[in-house]
$ cat start.cif   # mmCIF, C-alpha atoms
data_protein
#
loop_
_atom_site.label_atom_id
_atom_site.label_comp_id
_atom_site.auth_asym_id
_atom_site.auth_seq_id
_atom_site.Cartn_x
_atom_site.Cartn_y
_atom_site.Cartn_z
CA MET A 1 -196.13 155.58 -205.89
CA GLY A 2 -196.68 155.85 -209.65
CA SER A 3 -199.66 154.74 -211.63
CA TYR A 4 -200.94 151.19 -211.57
CA GLU A 5 -199.86 150.72 -215.20
CA ASP A 6 -196.29 151.70 -214.29
CA PHE A 7 -196.34 149.37 -211.30
CA TYR A 8 -197.61 146.48 -213.44
CA GLU A 9 -195.00 147.03 -216.14
CA ASN A 10 -192.14 147.35 -213.65
CA SER A 11 -193.22 144.33 -211.61
CA PHE A 12 -194.57 141.91 -214.22
CA GLY A 13 -193.50 143.23 -217.62
CA GLY A 14 -190.47 140.93 -217.82
CA ILE A 15 -192.17 137.86 -216.36
CA ASN A 16 -193.54 135.52 -219.01
CA ILE A 17 -195.85 132.53 -219.15
CA GLY A 18 -193.73 129.46 -218.40
CA ASP A 19 -191.32 131.24 -216.04
CA GLU A 20 -190.79 129.72 -212.63
CA ILE A 21 -191.89 132.24 -210.01
CA LYS A 22 -191.74 132.39 -206.23
CA ILE A 23 -194.34 134.46 -204.40
CA TYR A 24 -194.50 135.34 -200.73
CA LYS A 25 -197.97 136.12 -199.36
CA GLU A 26 -199.17 136.30 -195.76
CA GLY A 27 -196.61 133.93 -194.31
CA GLN A 28 -196.67 131.41 -197.15
CA THR A 29 -194.19 130.91 -199.97
CA TYR A 30 -195.55 129.62 -203.28
CA THR A 31 -193.21 128.32 -205.99
CA GLY A 32 -194.49 127.21 -209.36
CA THR A 33 -194.83 127.93 -213.06
CA LEU A 34 -196.66 131.02 -214.28
CA ILE A 35 -199.52 129.78 -216.48
CA PHE A 36 -201.69 132.91 -216.79
CA LYS A 37 -201.12 136.65 -216.54
CA ASN A 38 -203.22 139.73 -217.23
CA GLU A 39 -203.61 143.20 -215.73
CA HIS A 40 -205.69 141.89 -212.81
CA TYR A 41 -204.52 138.37 -211.91
CA ILE A 42 -201.75 135.83 -212.29
CA THR A 43 -202.13 132.08 -211.93
CA VAL A 44 -199.30 129.84 -210.82
CA GLN A 45 -199.24 126.07 -211.30
CA LEU A 46 -197.99 124.66 -208.01
CA PRO A 47 -197.03 120.99 -207.58
CA TYR A 48 -200.58 119.81 -206.78
CA TYR A 49 -202.93 122.67 -207.63
CA ARG A 50 -203.20 126.12 -209.22
CA GLU A 51 -203.19 129.30 -207.16
CA GLY A 52 -204.43 132.67 -208.37
CA PHE A 53 -203.05 135.96 -207.09
CA SER A 54 -204.68 139.35 -207.47
CA MET A 55 -202.50 142.17 -208.75
CA LEU A 56 -204.08 144.34 -206.06
CA ASP A 57 -202.30 142.19 -203.44
CA PHE A 58 -198.95 142.98 -205.05
CA TYR A 59 -199.81 146.66 -205.46
CA THR A 60 -200.76 147.03 -201.78
CA GLY A 61 -197.81 144.96 -200.53
CA HIS A 62 -199.76 141.94 -199.25
CA ALA A 63 -197.94 139.72 -201.75
CA LYS A 64 -194.38 140.02 -203.07
CA ILE A 65 -192.36 138.44 -205.82
CA ALA A 66 -189.51 136.59 -204.12
CA GLY A 67 -187.81 135.24 -207.24
CA VAL A 68 -188.16 134.48 -210.93
CA ARG A 69 -186.42 131.99 -213.17
CA GLY A 70 -187.01 132.28 -216.91
CA GLU A 71 -185.30 131.89 -220.25
CA ASP A 72 -183.94 135.42 -220.41
CA PHE A 73 -183.08 136.11 -216.79
CA ASP A 74 -182.62 134.55 -213.39
CA ILE A 75 -183.14 136.87 -210.44
CA GLU A 76 -183.72 136.63 -206.74
CA MET A 77 -185.27 139.63 -205.11
CA ASP A 78 -183.57 139.64 -201.73
CA ASP A 79 -183.96 143.41 -201.55
CA ILE A 80 -187.74 143.15 -201.93
CA VAL A 81 -188.42 140.36 -199.43
CA THR A 82 -186.22 140.86 -196.43
CA ASP A 83 -185.84 139.17 -193.06
CA GLU A 84 -187.79 141.98 -191.42
CA ASP A 85 -190.68 142.41 -193.81
CA GLU A 86 -194.00 143.94 -192.85
CA PHE A 87 -195.53 140.50 -192.28
CA GLY A 88 -193.24 139.91 -189.29
CA ASP A 89 -192.85 136.26 -190.24
CA GLU A 90 -189.87 133.95 -190.37
CA ASP A 91 -186.99 134.28 -192.79
CA ILE A 92 -187.76 133.29 -196.35
CA ASP A 93 -185.65 130.47 -197.78
CA MET A 94 -184.15 132.21 -200.79
CA ASP A 95 -182.18 129.04 -201.64
CA ALA A 96 -185.30 127.31 -202.93
CA PHE A 97 -184.17 127.96 -206.52
CA GLU A 98 -180.82 126.27 -206.01
CA ASP A 99 -180.20 123.59 -208.62
CA ASP A 100 -179.85 120.09 -207.28
CA GLU A 101 -177.60 119.15 -210.20
#
$ encode --input "start.cif" --output "structure tokens"
Amino acid sequence: MGSYEDFYENSFGGINIGDEIKIYKEGQTYTGTLIFKNEHYITVQLPYYREGFSMLDFYTGHAKIAGVRGEDFDIEMDDIVTDEDEFGDEDIDMDAFEDDE
């Protein structure tokens, strides 16, 4: 594993404030708008509250980015969060970003 700075840039360098982000952590999936980001934490505005996530959780694998929707790109990270992840939990609904239009 490379340095923390490399990890941060590879994982969060292209994610901007205002992007819709989906995070999987300890059996829960969180989907909301990124409202804060620095080298140590991110904060996501969920439908009814704000949730903060430590970068250390992403670095150690306790949290994973499951998808991002922004102005410049639209990706789903199926290869990062798989059906048989280390949490041993249920499948993640990767269709949560499907447009209802």
$ atom_distance --input "start.cif" --atom1 "CA of Leu46 in chain A" --atom2 "CA of Tyr30 in chain A"
7.3 Å
$ resolve_selection --input "start.cif" --expression "the PyMOL selection byres ((chain A and resi 54) around 10)" --output "VMD selection string"
chain A and resid 38 to 43 52 to 53 55 to 59 62 to 63
$ closest_residue --input "start.cif" --among "A:Thr60, A:Ile65, A:Tyr49, A:Phe36" --to "Ser11 in chain A" --atoms "all atoms listed in the file"
A:Ile65
$ closest_residue --input "start.cif" --among "A:Tyr8, A:Val44, A:Ser3, A:Arg50" --to "Glu20 in chain A" --atoms "all atoms listed in the file"
A:Val44
$ residues_around --input "start.cif" --residues "Tyr48 in chain A" --least-positions-apart "3" --cutoff "10 Å" --atoms "only C-alpha atoms" --output "list in words"
Gly32, Gln45 and Glu51 of chain A
$ resolve_selection --input "start.cif" --expression "the PyMOL selection byres ((chain A and resi 16) around 9)" --output "list in words"
Phe12, Gly13, Gly14, Ile15, Ile17, Gly18, Asp19, Leu34, Ile35, Phe36, Lys37 and Gly70 of chain A
$ atom_distance --input "start.cif" --atom1 "CA of Glu5 in chain A" --atom2 "CA of Gly27 in chain A"
27.0 Å
$ closest_residue --input "start.cif" --among "A:Asn10, A:Gln28, A:Ile21, A:Thr33" --to "Pro47 in chain A" --atoms "all atoms listed in the file"
A:Thr33
